[in-house]
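Enquirer: Please read through the structure below; I'll follow up with questions.
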Amino acid sequence: MKDVKTKVEQRLKDLIIAALDEAINDNVIKIEEIPDFFIEVPQDKEHGDFAANIAMLLAREAKMPPRKIGEAIAERIKKDAFIEKVEVAGPGFINFYLAPTWANEVIFDVLKCGQEFGRQSGQKGIKIQVEFVSANPTGPMHMGNARGAALGDALASVLKLAGYDVTKEFYINDAGNQIENFGLSLEARYLELLGHESEIPEGGYHGEDIKEHMQELIEKEGDRFLYMDSPSRRAYFIEYALKKNIQRMKTDLENFGVHFDVWFSEQSLHDSGQVDEVIKLLTDKGYTYEKDGALWFKASEFGAAKDEVLIRANGLPTYFAADIAYHKNKFDRGFDLVIDIWGADHHGHIARMKGALKALGYDPDKLVIIIMQLVRLYRNGEIARMSKRAGRAVTLADIVEEVGKDAARFFFNLRSADTHLDFDLDLAIKQSDENPVYYVQYAHARISSILRQAKEQGVDLPDIDNLTKDEFDKLANLLVEESELELIKKLADFPGEIKLAADNFAPYRITVYSQELAATFHSFYNKCRVLTDDQNLTTARLLLVMAAQQVIKNALSILGVSAPDRM
RNA sequence: GCGCCUGUAGCUCAGCUGGAUAGAGCAACGGACUUCUAAUCCGUAGGCCAGAGGUUCGAAUCCUCUCAGGCGCGCCA
């Protein structure tokens, strides 16, 4: 279903083209073909409901001042009851002033579609994978992972609403050096806890969680591993702790409202031979060479700054090699577009990853990498690196516990991915007007309150399914106050916002939109009473606020933020 | 040194594929609750869009250079 705005824009475009054709026939404007032009909503209300920029675009070719072109077009545009006025203004904009009821239909659409309102069509069958978080399973998730989780999940939701077939995936880095170090660290703690001298190796993990794992294991299984050879017991420790950590990550993420469709193991790529296979593929194509005992990929031939090691001199494949296999695997699974969300510290990896895909014959443009700048956590006005209670880095679970899922997810999606995000703990915790998440939720709760109040007064809530389009139109035409019309127009923006957010991979737009919508509603609320003595007006306004509530809910739902009925 | 990101109001940031007088929140100041939740609203003030060139009908937006901050440039991931 086409949304109201798209329909209107198309209609105005057709009118302009018809008028322009006429002007060309009249020999007033001389051009070869009609260029692509915009119909947009002017920033300033004084400039009408919609504006077209076509006159400026034609100025050069037609060798006429834009305003003259605009006038030639404007005077040929057929006006009707829907179009009240057409004017040429500014540098040559053609401004359209429409009947104030032009967007009313959106209320009808919202109430008919419910949670489906905003869904775009036309992308059916296009498969997109969003891979995000992919935190190291060697310990708890940190703030960066939390931002990634909020961002990735909201992005996936936006893409789904935009009509794509979306899969959310978590890549478990359960192989390689870090896992080795993880094992060595576990072993060291185990020995230490049993009174043996031992030290955590360089690059090892010093966190309390390592000790806790081993403490727990000792309680369950005692000291029997003292008598096992070192590699075997490390393998056991790794399997044991990894399983716990992964389970913990799943739980923490679920508590954060983030659910993954697929958990993909890096180790499985090694076990199944896919890593070896992809290295062989690159070698067969002549894109590798040996140097210093290692096998290198000629990444510099594919746009990267330098070549990269695939197999180390010690015979073990690098993370990069596994990642190539992983991305090949993604495309072989049939995804049309693969999106990775990485922390800013990984941006150096982009060129070589795309280079590898190119070398393998895949289109590197089908891999979109969203680089997310790092999070700075503030507490009491200063940068907080450590959790006060636990004396360790602040984790995702800490954030959920301290500030709550709703505030955290809202905050992380408040800014675009490429800004360095300042997360102010005090502000996020604060249940006050300084906290933007409550502002939006409050709008939703307020509407619930009105609806409750209506029922108490014996007013029946209107049911869109029991209204004919005619009856609806009659009611909606009663909405003539400035603040009512503003709210209606804001609702009409939602489908377009979904599209923009999806096209730009920018879910934070929805957060911003939700704030604007809430503001428009609050403003309306202060100017217009919903429950009045006028029965028809009351019904009309109920329809309006019910629609507003639905859209607020839809927007918050994308962000993973709840829409409370009371606050 | 090279690459990526950032530089817009006192602070945090929007500004979409270039468009009309650069916006919002917070902070500041002044107003609005006997009426559906004042977690709200209305108003005031606050800007050489880091700087300099260029592209054009038109630049915060695109290009080049300079300056400032962050990150990266491993046989780590």
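The chains in the structure tokens are called A, B, ... from first to last as shown; in each chain the residues are counted from 1, and the ligands are counted from 1 in the order shown.
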Got a sec to tell me which of stretch 59-253 of chain A DSSP assigns to helix (DSSP H, G or I), as a CSV table (one decimal) with N, CA and C atoms, in the first residue's frame?

Expert:
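Contents of selection.csv, freshly written:
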```csv
chain,number,residue,atom,x,y,z
A,59,ALA,N,17.1,25.7,-15.5
A,59,ALA,CA,17.6,27.1,-15.8
A,59,ALA,C,18.7,27.1,-16.9
A,60,ARG,N,19.6,26.2,-16.7
A,60,ARG,CA,20.8,26.2,-17.6
A,60,ARG,C,20.4,25.8,-19.0
A,61,GLU,N,19.8,24.6,-19.1
A,61,GLU,CA,19.5,24.1,-20.4
A,61,GLU,C,18.5,25.0,-21.2
A,62,ALA,N,17.5,25.5,-20.4
A,62,ALA,CA,16.4,26.3,-21.1
A,62,ALA,C,16.9,27.7,-21.3
A,66,PRO,N,15.3,30.9,-13.5
A,66,PRO,CA,14.4,29.8,-12.9
A,66,PRO,C,13.0,30.3,-12.6
A,67,ARG,N,12.9,31.6,-12.1
A,67,ARG,CA,11.6,32.0,-11.7
A,67,ARG,C,10.6,32.1,-12.9
A,68,LYS,N,11.2,32.5,-14.1
A,68,LYS,CA,10.4,32.5,-15.3
A,68,LYS,C,9.9,31.1,-15.7
A,69,ILE,N,10.8,30.2,-15.5
A,69,ILE,CA,10.4,28.8,-15.8
A,69,ILE,C,9.3,28.3,-14.9
A,70,GLY,N,9.6,28.7,-13.6
A,70,GLY,CA,8.6,28.3,-12.6
A,70,GLY,C,7.2,28.8,-12.9
A,71,GLU,N,7.2,30.1,-13.3
A,71,GLU,CA,5.9,30.7,-13.6
A,71,GLU,C,5.2,30.1,-14.8
A,72,ALA,N,6.1,29.8,-15.8
A,72,ALA,CA,5.5,29.1,-17.0
A,72,ALA,C,4.9,27.8,-16.7
A,73,ILE,N,5.5,27.1,-15.7
A,73,ILE,CA,4.9,25.8,-15.3
A,73,ILE,C,3.7,26.0,-14.4
A,74,ALA,N,3.9,26.9,-13.4
A,74,ALA,CA,2.9,27.0,-12.4
A,74,ALA,C,1.5,27.5,-13.1
A,105,GLU,N,-6.1,10.9,5.5
A,105,GLU,CA,-6.2,9.5,5.2
A,105,GLU,C,-5.2,8.7,6.1
A,106,VAL,N,-4.1,9.4,6.5
A,106,VAL,CA,-3.1,8.6,7.2
A,106,VAL,C,-3.7,8.0,8.5
A,107,ILE,N,-4.6,8.7,9.1
A,107,ILE,CA,-5.2,8.2,10.4
A,107,ILE,C,-5.9,6.9,10.1
A,108,PHE,N,-6.6,6.9,9.0
A,108,PHE,CA,-7.3,5.7,8.6
A,108,PHE,C,-6.3,4.6,8.3
A,109,ASP,N,-5.2,4.9,7.6
A,109,ASP,CA,-4.2,3.9,7.3
A,109,ASP,C,-3.6,3.3,8.5
A,110,VAL,N,-3.2,4.2,9.5
A,110,VAL,CA,-2.5,3.8,10.7
A,110,VAL,C,-3.4,2.8,11.4
A,111,LEU,N,-4.7,3.2,11.6
A,111,LEU,CA,-5.6,2.3,12.4
A,111,LEU,C,-5.9,1.0,11.7
A,112,LYS,N,-5.9,1.1,10.4
A,112,LYS,CA,-6.2,-0.2,9.7
A,112,LYS,C,-5.0,-1.1,9.8
A,113,CYS,N,-3.8,-0.5,9.6
A,113,CYS,CA,-2.6,-1.4,9.6
A,113,CYS,C,-2.0,-1.7,10.9
A,114,GLY,N,-2.3,-0.9,11.9
A,114,GLY,CA,-1.7,-1.2,13.2
A,114,GLY,C,-0.2,-1.3,13.3
A,115,GLN,N,0.3,-2.4,13.8
A,115,GLN,CA,1.8,-2.5,13.9
A,115,GLN,C,2.4,-2.7,12.6
A,116,GLU,N,1.6,-2.9,11.5
A,116,GLU,CA,2.2,-3.0,10.2
A,116,GLU,C,2.3,-1.7,9.5
A,143,MET,N,30.6,-1.9,27.0
A,143,MET,CA,29.8,-0.8,26.5
A,143,MET,C,29.7,-0.8,24.9
A,144,GLY,N,30.8,-1.1,24.3
A,144,GLY,CA,30.9,-1.1,22.9
A,144,GLY,C,29.9,-2.1,22.3
A,145,ASN,N,29.9,-3.3,22.9
A,145,ASN,CA,29.0,-4.4,22.5
A,145,ASN,C,27.6,-3.9,22.7
A,146,ALA,N,27.4,-3.2,23.8
A,146,ALA,CA,26.0,-2.8,24.1
A,146,ALA,C,25.5,-1.8,23.0
A,147,ARG,N,26.4,-0.9,22.6
A,147,ARG,CA,26.0,0.0,21.5
A,147,ARG,C,25.7,-0.8,20.3
A,148,GLY,N,26.6,-1.7,20.0
A,148,GLY,CA,26.5,-2.5,18.8
A,148,GLY,C,25.2,-3.3,18.8
A,149,ALA,N,24.8,-3.8,20.0
A,149,ALA,CA,23.6,-4.6,20.1
A,149,ALA,C,22.4,-3.7,19.8
A,150,ALA,N,22.4,-2.6,20.4
A,150,ALA,CA,21.2,-1.7,20.3
A,150,ALA,C,21.1,-1.2,18.8
A,151,LEU,N,22.2,-0.9,18.2
A,151,LEU,CA,22.3,-0.4,16.9
A,151,LEU,C,21.9,-1.5,15.9
A,152,GLY,N,22.5,-2.6,16.0
A,152,GLY,CA,22.3,-3.7,15.1
A,152,GLY,C,20.8,-4.2,15.1
A,153,ASP,N,20.3,-4.3,16.3
A,153,ASP,CA,18.9,-4.8,16.5
A,153,ASP,C,17.9,-3.8,15.9
A,154,ALA,N,18.2,-2.5,16.1
A,154,ALA,CA,17.3,-1.5,15.6
A,154,ALA,C,17.4,-1.5,14.1
A,155,LEU,N,18.6,-1.6,13.6
A,155,LEU,CA,18.8,-1.6,12.1
A,155,LEU,C,18.1,-2.8,11.5
A,156,ALA,N,18.2,-3.9,12.1
A,156,ALA,CA,17.5,-5.1,11.6
A,156,ALA,C,16.0,-4.9,11.5
A,157,SER,N,15.5,-4.3,12.6
A,157,SER,CA,14.0,-4.0,12.6
A,157,SER,C,13.6,-3.1,11.5
A,158,VAL,N,14.4,-2.0,11.4
A,158,VAL,CA,14.1,-1.1,10.3
A,158,VAL,C,14.1,-1.7,8.9
A,159,LEU,N,15.1,-2.5,8.7
A,159,LEU,CA,15.2,-3.2,7.4
A,159,LEU,C,14.0,-4.1,7.2
A,160,LYS,N,13.6,-4.8,8.2
A,160,LYS,CA,12.5,-5.7,8.1
A,160,LYS,C,11.2,-4.9,7.7
A,161,LEU,N,11.0,-3.8,8.4
A,161,LEU,CA,9.9,-2.9,8.1
A,161,LEU,C,10.0,-2.4,6.7
A,177,ASN,N,44.2,-17.3,18.6
A,177,ASN,CA,45.1,-17.0,19.7
A,177,ASN,C,44.4,-16.6,21.0
A,178,GLN,N,43.3,-15.8,20.9
A,178,GLN,CA,42.7,-15.4,22.1
A,178,GLN,C,42.1,-16.5,22.9
A,179,ILE,N,41.7,-17.6,22.2
A,179,ILE,CA,41.1,-18.7,22.9
A,179,ILE,C,42.3,-19.5,23.6
A,180,GLU,N,43.4,-19.5,22.9
A,180,GLU,CA,44.6,-20.1,23.5
A,180,GLU,C,44.9,-19.4,24.8
A,181,ASN,N,44.9,-18.1,24.7
A,181,ASN,CA,45.2,-17.2,25.9
A,181,ASN,C,44.1,-17.4,27.0
A,182,PHE,N,42.9,-17.6,26.5
A,182,PHE,CA,41.8,-17.8,27.4
A,182,PHE,C,42.1,-19.1,28.2
A,183,GLY,N,42.5,-20.2,27.5
A,183,GLY,CA,42.8,-21.4,28.1
A,183,GLY,C,43.9,-21.4,29.1
A,184,LEU,N,45.0,-20.7,28.7
A,184,LEU,CA,46.1,-20.5,29.6
A,184,LEU,C,45.8,-19.7,30.8
A,185,SER,N,44.9,-18.7,30.6
A,185,SER,CA,44.5,-17.9,31.8
A,185,SER,C,43.7,-18.8,32.8
A,186,LEU,N,42.7,-19.6,32.2
A,186,LEU,CA,41.9,-20.4,33.0
A,186,LEU,C,42.8,-21.4,33.8
A,187,GLU,N,43.7,-22.0,33.1
A,187,GLU,CA,44.6,-23.0,33.7
A,187,GLU,C,45.4,-22.3,34.8
A,188,ALA,N,45.9,-21.1,34.6
A,188,ALA,CA,46.7,-20.5,35.6
A,188,ALA,C,45.9,-20.2,36.8
A,189,ARG,N,44.7,-19.8,36.6
A,189,ARG,CA,43.8,-19.5,37.8
A,189,ARG,C,43.4,-20.8,38.5
A,190,TYR,N,43.2,-21.8,37.8
A,190,TYR,CA,42.9,-23.1,38.4
A,190,TYR,C,44.0,-23.6,39.3
A,191,LEU,N,45.2,-23.5,38.8
A,191,LEU,CA,46.4,-24.0,39.5
A,191,LEU,C,46.6,-23.1,40.8
A,192,GLU,N,46.4,-21.8,40.5
A,192,GLU,CA,46.6,-20.8,41.6
A,192,GLU,C,45.6,-21.0,42.7
A,193,LEU,N,44.3,-21.3,42.3
A,193,LEU,CA,43.3,-21.5,43.3
A,193,LEU,C,43.6,-22.8,44.2
A,208,GLU,N,38.0,-11.0,36.9
A,208,GLU,CA,37.5,-11.9,38.0
A,208,GLU,C,36.7,-13.1,37.5
A,209,ASP,N,36.1,-12.9,36.3
A,209,ASP,CA,35.2,-13.9,35.8
A,209,ASP,C,36.0,-15.2,35.5
A,210,ILE,N,37.3,-15.1,35.2
A,210,ILE,CA,38.1,-16.2,34.9
A,210,ILE,C,38.3,-17.0,36.2
A,211,LYS,N,38.5,-16.3,37.2
A,211,LYS,CA,38.7,-16.9,38.5
A,211,LYS,C,37.4,-17.6,39.0
A,212,GLU,N,36.3,-16.9,38.8
A,212,GLU,CA,35.0,-17.4,39.2
A,212,GLU,C,34.7,-18.7,38.4
A,213,HIS,N,35.0,-18.8,37.2
A,213,HIS,CA,34.8,-20.0,36.4
A,213,HIS,C,35.5,-21.2,37.1
A,214,MET,N,36.7,-21.0,37.4
A,214,MET,CA,37.6,-22.1,37.9
A,214,MET,C,37.2,-22.4,39.4
A,215,GLN,N,36.8,-21.4,40.1
A,215,GLN,CA,36.3,-21.6,41.4
A,215,GLN,C,35.1,-22.6,41.4
A,216,GLU,N,34.2,-22.3,40.5
A,216,GLU,CA,33.0,-23.1,40.3
A,216,GLU,C,33.3,-24.5,39.9
A,217,LEU,N,34.3,-24.6,39.0
A,217,LEU,CA,34.7,-25.9,38.5
A,217,LEU,C,35.3,-26.7,39.6
A,218,ILE,N,36.1,-26.1,40.4
A,218,ILE,CA,36.7,-26.8,41.5
A,218,ILE,C,35.7,-27.3,42.5
A,219,GLU,N,34.7,-26.4,42.7
A,219,GLU,CA,33.6,-26.9,43.6
A,219,GLU,C,32.9,-28.1,43.1
A,220,LYS,N,32.8,-28.1,41.8
A,220,LYS,CA,32.0,-29.2,41.2
A,220,LYS,C,32.9,-30.5,41.0
A,221,GLU,N,34.1,-30.2,40.5
A,221,GLU,CA,34.9,-31.4,40.1
A,221,GLU,C,36.2,-31.5,40.8
A,224,ARG,N,40.8,-32.8,40.2
A,224,ARG,CA,41.2,-33.9,39.3
A,224,ARG,C,42.0,-33.5,38.1
A,225,PHE,N,41.9,-32.2,37.7
A,225,PHE,CA,42.6,-31.8,36.5
A,225,PHE,C,44.1,-31.6,36.8
A,226,LEU,N,44.5,-31.6,38.0
A,226,LEU,CA,45.9,-31.4,38.3
A,226,LEU,C,46.7,-32.6,37.7
A,227,TYR,N,46.0,-33.7,37.6
A,227,TYR,CA,46.7,-34.9,37.2
A,227,TYR,C,46.6,-35.2,35.7
A,230,SER,N,48.6,-31.0,30.4
A,230,SER,CA,48.2,-29.6,30.3
A,230,SER,C,47.3,-29.3,29.0
A,231,PRO,N,47.6,-29.7,27.8
A,231,PRO,CA,46.8,-29.5,26.7
A,231,PRO,C,45.4,-30.0,26.9
A,232,SER,N,45.2,-31.2,27.4
A,232,SER,CA,43.9,-31.8,27.6
A,232,SER,C,43.0,-31.0,28.5
A,233,ARG,N,43.7,-30.6,29.7
A,233,ARG,CA,42.8,-29.9,30.7
A,233,ARG,C,42.5,-28.5,30.2
A,234,ARG,N,43.4,-27.9,29.4
A,234,ARG,CA,43.1,-26.6,28.9
A,234,ARG,C,41.9,-26.7,27.9
A,235,ALA,N,41.9,-27.8,27.1
A,235,ALA,CA,40.8,-28.0,26.2
A,235,ALA,C,39.5,-28.1,26.9
A,236,TYR,N,39.6,-28.8,28.0
A,236,TYR,CA,38.4,-29.0,28.9
A,236,TYR,C,37.9,-27.7,29.5
A,237,PHE,N,38.9,-26.9,30.0
A,237,PHE,CA,38.6,-25.6,30.6
A,237,PHE,C,37.9,-24.7,29.6
A,238,ILE,N,38.5,-24.7,28.4
A,238,ILE,CA,38.0,-23.8,27.4
A,238,ILE,C,36.6,-24.2,27.1
A,239,GLU,N,36.4,-25.4,26.8
A,239,GLU,CA,35.0,-25.8,26.5
A,239,GLU,C,34.0,-25.5,27.6
A,240,TYR,N,34.4,-25.8,28.8
A,240,TYR,CA,33.6,-25.5,29.9
A,240,TYR,C,33.2,-24.0,30.1
A,241,ALA,N,34.3,-23.2,30.1
A,241,ALA,CA,34.1,-21.7,30.3
A,241,ALA,C,33.4,-21.1,29.1
A,242,LEU,N,33.8,-21.5,27.9
A,242,LEU,CA,33.2,-20.9,26.7
A,242,LEU,C,31.7,-21.1,26.7
A,243,LYS,N,31.3,-22.3,27.0
A,243,LYS,CA,29.9,-22.7,27.0
A,243,LYS,C,29.1,-21.7,28.0
A,244,LYS,N,29.8,-21.6,29.2
A,244,LYS,CA,29.1,-20.7,30.2
A,244,LYS,C,29.1,-19.3,29.7
A,245,ASN,N,30.2,-18.8,29.1
A,245,ASN,CA,30.2,-17.4,28.6
A,245,ASN,C,29.2,-17.2,27.5
A,246,ILE,N,29.1,-18.1,26.6
A,246,ILE,CA,28.2,-17.9,25.5
A,246,ILE,C,26.7,-17.9,26.0
A,247,GLN,N,26.5,-18.8,26.9
A,247,GLN,CA,25.2,-18.9,27.5
A,247,GLN,C,24.8,-17.5,28.2
A,248,ARG,N,25.9,-17.0,28.9
A,248,ARG,CA,25.7,-15.8,29.6
A,248,ARG,C,25.5,-14.6,28.6
A,249,MET,N,26.2,-14.6,27.5
A,249,MET,CA,26.0,-13.6,26.5
A,249,MET,C,24.5,-13.6,26.0
A,250,LYS,N,24.1,-14.9,25.7
A,250,LYS,CA,22.7,-15.0,25.2
A,250,LYS,C,21.7,-14.4,26.2
A,251,THR,N,21.9,-14.8,27.5
A,251,THR,CA,21.0,-14.3,28.5
A,251,THR,C,21.1,-12.7,28.6
A,252,ASP,N,22.3,-12.2,28.7
A,252,ASP,CA,22.4,-10.8,28.8
A,252,ASP,C,21.8,-10.1,27.6
A,253,LEU,N,22.0,-10.6,26.4
A,253,LEU,CA,21.4,-10.0,25.2
A,253,LEU,C,19.9,-10.1,25.2
```

Enquirer: Write out as CSV a residue-level contact list of chain B versus chain A with cut-off 6 Å: for each qualifying residue the closest pair of atoms and the distance in Å to one decimal, counting only C-alpha atoms (C1' of nucleotides), rows sorted by chain and residue number upward.

Expert:
```
residue,atom,partner,partner_atom,distance
B:A20,C1',A:Gly90,CA,5.4
B:C36,C1',A:Ile450,CA,4.9
B:A39,C1',A:Asp433,CA,5.4
B:C41,C1',A:Asn526,CA,5.8
B:C71,C1',A:Asp345,CA,5.8
B:G72,C1',A:Gly348,CA,5.6
B:C75,C1',A:Arg312,CA,4.5
```

Enquirer: I'd like the contact shell of B:G15 - 9 Å cut-off, only C-alpha atoms (C1' of nucleotides), skipping same-chain residues fewer than 5 positions apart - returned as a list of chain:residue names.

Expert: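 With the cut-off at 9 Å, the set is B:A22, B:G23, B:A60, B:U61.
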
Enquirer: How would the residues just chosen look if you wrote them out with N, CA, C and O atoms (P, O5', C5', C4', C3', O3' and C1' of nucleotides) as a PDB file, in the first residue's frame?

Expert:
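Writing done, so here's selection-v4.pdb:
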```pdb
ATOM      1  P     A B  22      19.600  31.249   8.423  1.00  0.00           P
ATOM      2  O5'   A B  22      19.062  29.927   9.099  1.00  0.00           O
ATOM      3  C5'   A B  22      18.540  28.839   8.330  1.00  0.00           C
ATOM      4  C4'   A B  22      19.009  27.532   8.904  1.00  0.00           C
ATOM      5  C3'   A B  22      18.761  27.382  10.396  1.00  0.00           C
ATOM      6  O3'   A B  22      17.489  26.810  10.606  1.00  0.00           O
ATOM      7  C1'   A B  22      20.987  26.735   9.848  1.00  0.00           C
ATOM      8  P     G B  23      16.341  27.658  11.210  1.00  0.00           P
ATOM      9  O5'   G B  23      15.479  26.600  12.017  1.00  0.00           O
ATOM     10  C5'   G B  23      15.755  26.339  13.357  1.00  0.00           C
ATOM     11  C4'   G B  23      15.738  24.850  13.549  1.00  0.00           C
ATOM     12  C3'   G B  23      15.741  24.419  15.004  1.00  0.00           C
ATOM     13  O3'   G B  23      14.416  24.432  15.511  1.00  0.00           O
ATOM     14  C1'   G B  23      17.377  23.213  13.830  1.00  0.00           C
ATOM     15  P     A B  60      26.415  27.287   3.407  1.00  0.00           P
ATOM     16  O5'   A B  60      26.782  26.393   4.685  1.00  0.00           O
ATOM     17  C5'   A B  60      28.117  26.301   5.129  1.00  0.00           C
ATOM     18  C4'   A B  60      28.339  24.988   5.837  1.00  0.00           C
ATOM     19  C3'   A B  60      28.383  23.781   4.913  1.00  0.00           C
ATOM     20  O3'   A B  60      29.682  23.528   4.459  1.00  0.00           O
ATOM     21  C1'   A B  60      26.878  23.383   6.716  1.00  0.00           C
ATOM     22  P     U B  61      29.922  22.899   3.023  1.00  0.00           P
ATOM     23  O5'   U B  61      29.036  21.582   2.978  1.00  0.00           O
ATOM     24  C5'   U B  61      29.406  20.418   3.722  1.00  0.00           C
ATOM     25  C4'   U B  61      28.359  19.349   3.547  1.00  0.00           C
ATOM     26  C3'   U B  61      28.321  18.747   2.147  1.00  0.00           C
ATOM     27  O3'   U B  61      28.184  17.341   2.242  1.00  0.00           O
ATOM     28  C1'   U B  61      26.193  19.643   2.725  1.00  0.00           C
TER      29        U B  61
END
```

Enquirer: Residues of stretch 342-491 of chain A classed as strand (DSSP E or B) by DSSP on the backbone are to be reported as a list in words.

Expert: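 Those in stretch 342-491 of chain A that DSSP calls strand (DSSP E or B) are Trp342, Gly343, Leu367, Val368, Ile369, Ile370, Ile371, Met372, Val375, Arg376, Leu377, Tyr378, Arg379, Glu382, Ile383, Met386, Ala393, Thr395, Leu421, Asp422, Phe423 and Asp424 of chain A.
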
Enquirer: How would the residues just picked look written out with C-alpha atoms as a compact mmCIF listing (two decimals), in the first residue's frame?

Expert:
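What landed in out37.txt:
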```txt
# COMPACT_ATOMS: atom_id res chain seq x y z
CA TRP A 342 32.25 -3.15 13.68
CA GLY A 343 33.86 -1.00 16.30
CA LEU A 367 29.27 -6.06 1.91
CA VAL A 368 28.32 -3.01 3.89
CA ILE A 369 30.44 -2.32 6.92
CA ILE A 370 29.07 0.09 9.46
CA ILE A 371 31.81 1.49 11.58
CA MET A 372 30.63 2.43 15.00
CA VAL A 375 31.42 4.85 23.62
CA ARG A 376 32.62 7.10 26.38
CA LEU A 377 30.86 6.46 29.62
CA TYR A 378 30.32 9.37 31.96
CA ARG A 379 29.46 9.25 35.61
CA GLU A 382 33.72 12.42 34.45
CA ILE A 383 34.74 9.51 32.30
CA MET A 386 35.25 0.94 35.81
CA ALA A 393 34.96 -2.63 33.26
CA THR A 395 29.46 -4.44 31.20
CA LEU A 421 28.87 8.60 21.79
CA ASP A 422 28.93 10.10 25.23
CA PHE A 423 26.80 7.97 27.49
CA ASP A 424 25.88 9.91 30.57
```

Enquirer: What's the separation between atom C1' of B:A24 and atom CA of A:Leu559, in Å to one decimal place?

Expert: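 Separation of atom C1' of B:A24 and atom CA of A:Leu559: 19.5 Å.
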
Enquirer: Taking only C-alpha atoms (C1' of nucleotides) into account, which of B:U55, B:U64, B:U44, B:U8 comes nearest B:A28?

Expert: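 Checking each of B:U55, B:U64, B:U44, B:U8 against B:A28, counting only C-alpha atoms (C1' of nucleotides), the winner is B:U44.
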
Enquirer: So how far away is atom CA of A:Ile54 from atom CA of A:Asp36, in Å?

Expert: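 So the two atoms, atom CA of A:Asp36 and atom CA of A:Ile54, lie 8.0 Å apart.
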
Enquirer: Measure the distance from atom CA of A:Ala428 to atom C1' of B:C49 in Å and round it to one decimal.

Expert: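 Computing the Euclidean distance for atom CA of A:Ala428 and atom C1' of B:C49 yields 29.1 Å.
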
Enquirer: Do you know which residues are at most 9 Å from A:Ile279 counting only C-alpha atoms (C1' of nucleotides), after dropping those on the same chain fewer than 4 positions away, and could you put them as a list in words?

Expert: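 My list of contacting residues is Gln274, Val275, Thr283, Asp284, Thr288, Phe297, Leu310, Ile311, Ala321, Ile324 and Ala325 of chain A.
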